[in-house]
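Working notes for the structure below.
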Amino acid sequence: MASTTSWAGLWFLTRNTTVSTTTSTTSLEFSVLKPNVGPFRLFSPYSLSHNGSTSLTQRSCKCSYTAPVSTRTYEFSDTSSEVELRLNLKGLDIQSSRDISVDTSDSSLAIRALRPGLPVTLIETNHLFDRIKPSETIWYIDDDELVVNFKKHDPDLKWPDIMESWESLTAGSTQLLKGASIYLVGNSTEINYKVAQEIATGLGYTPLSTKELLETYSNQTVDSSWLLAEGSDSVAEAESAILESISSHVRAAVATLGGQHGASGRTDKWRHLYAGFTVWLSQTEATDEDSAKEETRKNVKDGRLAYTNADVVVKLQGWDSAYAKNVAQACLSALKQLILSDKKLPGKKSLYIRLGCRGDWPNIKPPGWDPLSEGDRSLGTQ
């Protein structure tokens with residue numbers, strides 16, 4: 001019987017990807033996801049440098065996930081540099097602006113009606129769709145509506161809604177991904193498949209499964225026939241060929257094989273996985289945030305796991321397919337934050353594909369570069 005997912009964590013592996021020969025820097029941002037309580041709780045992120053340092057650095061932003069609360073109907077609009085929220089106040093007997101409390105930070109919002117006794121929470125979230133400038137928040141009452149204007153930190157980002165949710169992430173990710181495909185990697189083929197299906201459904205992407213493609217091509221099952229007859233190397237090589245054939249595809253959510261017989265479990269088979277954004281769905285037996293974070297830090301430091309090549313990492317304790325959409329939401333949230341940290345990433349992915357997926361990610365070399373000329377044959381493998 002599958003164990004119930006008690007919590008999960010997010011780690012964002014962000015790389016400084018420049019078209020140069022300079023050494024790349026990889027950082028790891030940490031947060032924790034609790035799908036068993038519905039919406040997520042995201043703790044303050046941390047950064048882990050991959051430039052030789054093993055120290056953890058806490059980022060200044062504080063963006064804790066709590067369950068969003070909205071007890072009133074509201075209207076939302078995005079006007080480029082600002083977003084506006086209109087909250088229905090009918091039936092609350094609000095006499096003036098002194099009866100309303102509006103509290104904001106760069107990533108949170110709480111609106112309450114100040115009634116005798118306990119205040120009534122009208123809307124509350126610790127995870128706005130993106131950051132705002134709280135000091136420039138303006139609010140007023142217009143007839144039976146509370147109108148709140150927020151100044152966006154990033155005026156170029158279109159907000160689908162005031163809060164980050166599955167609906168707003170799936171609606172807002174299109175503008176960020178720009179058609180780039182998403183690859184799900186990790187030890188479990190089942191988890192990769194289930195989460196890829198949810199992401200494909202939410203984004204309107206094409207769902208692809210390398211396991212299904214391999215079995216259709218070979219007319220045999222991977223687990224019970226191919227592996228036994230020809231071994232894991234043969235399966236990994238065949239999946240690598242599949243990944244090459246679909247590397248130029250756009251708007252696809254690709255579930256890869258889990259375990260060492262999968263291409264993503266082998267460092268020398270990643271050149272075509274770099275064509276899209278990769279998410280490592282990592283199962284852990286860690287029982288708390290600190291031990292899970294330390295586990296991932298060690299994985300990245302020793303570099304023995306090929307999965308540490310992924311763009312983002314989602315840590316899972318246990319698994320229940322009922323939570324596949326929650327994990328998919330975590331993936332999209334992590335990818336959103338990754339791309340917002342470097343909006344050129346989708347374009348760089350596209351350039352990487354156009355240059356032939358030569359294995360030179362994240363530091364893309366000039367046209368005509370030959371990976372074998374530098375004596376690193378692993379970059380030239382499939």
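Following the order of the structure tokens, chains are lettered A, B, ..., residues in each are numbered from 1, and ligands are numbered from 1.
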
Would you list the contacts of Arg115 in chain A as a PyMOL selection string, taking every protein, DNA or RNA residue within 8 Å and counting only C-alpha atoms, but skipping same-chain residues closer than 4 positions in sequence? chain A and resi 99+119-120

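You can rank A:Leu89, A:Leu281, A:Met163, A:Ala110 by their closest distance to Asp130 in chain A using only C-alpha atoms, and at the top of that list sits A:Met163.
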
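Compared by their closest atoms to Val314 in chain A, and using only C-alpha atoms, the residues A:Thr278, A:Asn149, A:Thr216, A:Ser341 rank with A:Thr278 nearest.
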
Tell me, as a PDB file with N, CA and C atoms, in the first residue's frame, which residues lie within 9 Å of Ile138 in chain A, counting only C-alpha atoms; anything in the same chain fewer than 6 positions away does not count.
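Output file selection26.pdb is given in full below:
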ATOM      1  N   VAL A 147     -11.325  48.688  -2.477  1.00  0.00           N
ATOM      2  CA  VAL A 147     -10.427  48.698  -3.629  1.00  0.00           C
ATOM      3  C   VAL A 147      -8.993  48.811  -3.114  1.00  0.00           C
ATOM      4  N   VAL A 148      -8.153  47.856  -3.505  1.00  0.00           N
ATOM      5  CA  VAL A 148      -6.751  47.855  -3.090  1.00  0.00           C
ATOM      6  C   VAL A 148      -5.877  47.825  -4.339  1.00  0.00           C
ATOM      7  N   ASN A 149      -4.967  48.794  -4.437  1.00  0.00           N
ATOM      8  CA  ASN A 149      -4.031  48.869  -5.564  1.00  0.00           C
ATOM      9  C   ASN A 149      -2.627  48.519  -5.074  1.00  0.00           C
ATOM     10  N   PHE A 150      -1.994  47.564  -5.763  1.00  0.00           N
ATOM     11  CA  PHE A 150      -0.645  47.128  -5.409  1.00  0.00           C
ATOM     12  C   PHE A 150       0.314  47.482  -6.540  1.00  0.00           C
ATOM     13  N   LYS A 151       1.482  47.944  -6.192  1.00  0.00           N
ATOM     14  CA  LYS A 151       2.527  48.192  -7.180  1.00  0.00           C
ATOM     15  C   LYS A 151       3.355  46.916  -7.328  1.00  0.00           C
TER      16      LYS A 151
END

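By chain and then residue number, the residues within 9 Å of range 239-243 of chain A are Thr210, Lys211, Leu213, Leu214, Ser234, Val235, Ala236, Glu237, Ser245, Ile246, Ser247, Thr256, Leu257, Gly262, Ala263, Ser264, Lys269, Trp270, His272, Leu273 and Gln382 of chain A, counting only C-alpha atoms and disregarding those fewer than 2 positions away in sequence.
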
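Between Leu114 in chain A and the residues A:Ile94, A:Ala253, A:Ala334, A:Leu146, the shortest atom-to-atom distance, using only C-alpha atoms, involves A:Ile94.
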
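Shortest atom-to-atom contact with Lys152 in chain A among A:Gln95, A:Glu84, A:Thr73, A:Trp139: A:Glu84, counting only C-alpha atoms.
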
Pairwise distance for CA of Ser165 in chain A and CA of Leu203 in chain A, rounded to one decimal in Å: 13.4 Å

Could you pull out the residues in range 218-295 of chain A that DSSP calls helix (DSSP H, G or I) from the backbone, as a PyMOL selection string? chain A and resi 218+222-230+232-246+263-265+267-269+273-275+289-295

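Distance check against Tyr183 in chain A using only C-alpha atoms: of A:Tyr352, A:Phe76, A:Trp319, A:Trp280, the minimum falls on A:Trp280.
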
Name the residues in contact with Asp78 in chain A at a cut-off of 12 Å, using only C-alpha atoms, excluding same-chain residues fewer than 2 positions from it; report them as number ranges by chain. A: 75-76, 80-86, 129, 148-152, 154-162

Pick out the residues sitting within 7 Å of range 301-307 of chain A, and hand them over as a PyMOL selection string; count only C-alpha atoms, and ignore anything fewer than 3 positions along from it in its own chain. chain A and resi 186+264-267+280+297-298+310

List the neighbours of Ser209 in chain A out to 6 Å using only C-alpha atoms; skip same-chain residues closer than 3 positions along the sequence, and give me the result as a PyMOL selection string. chain A and resi 212+254-255
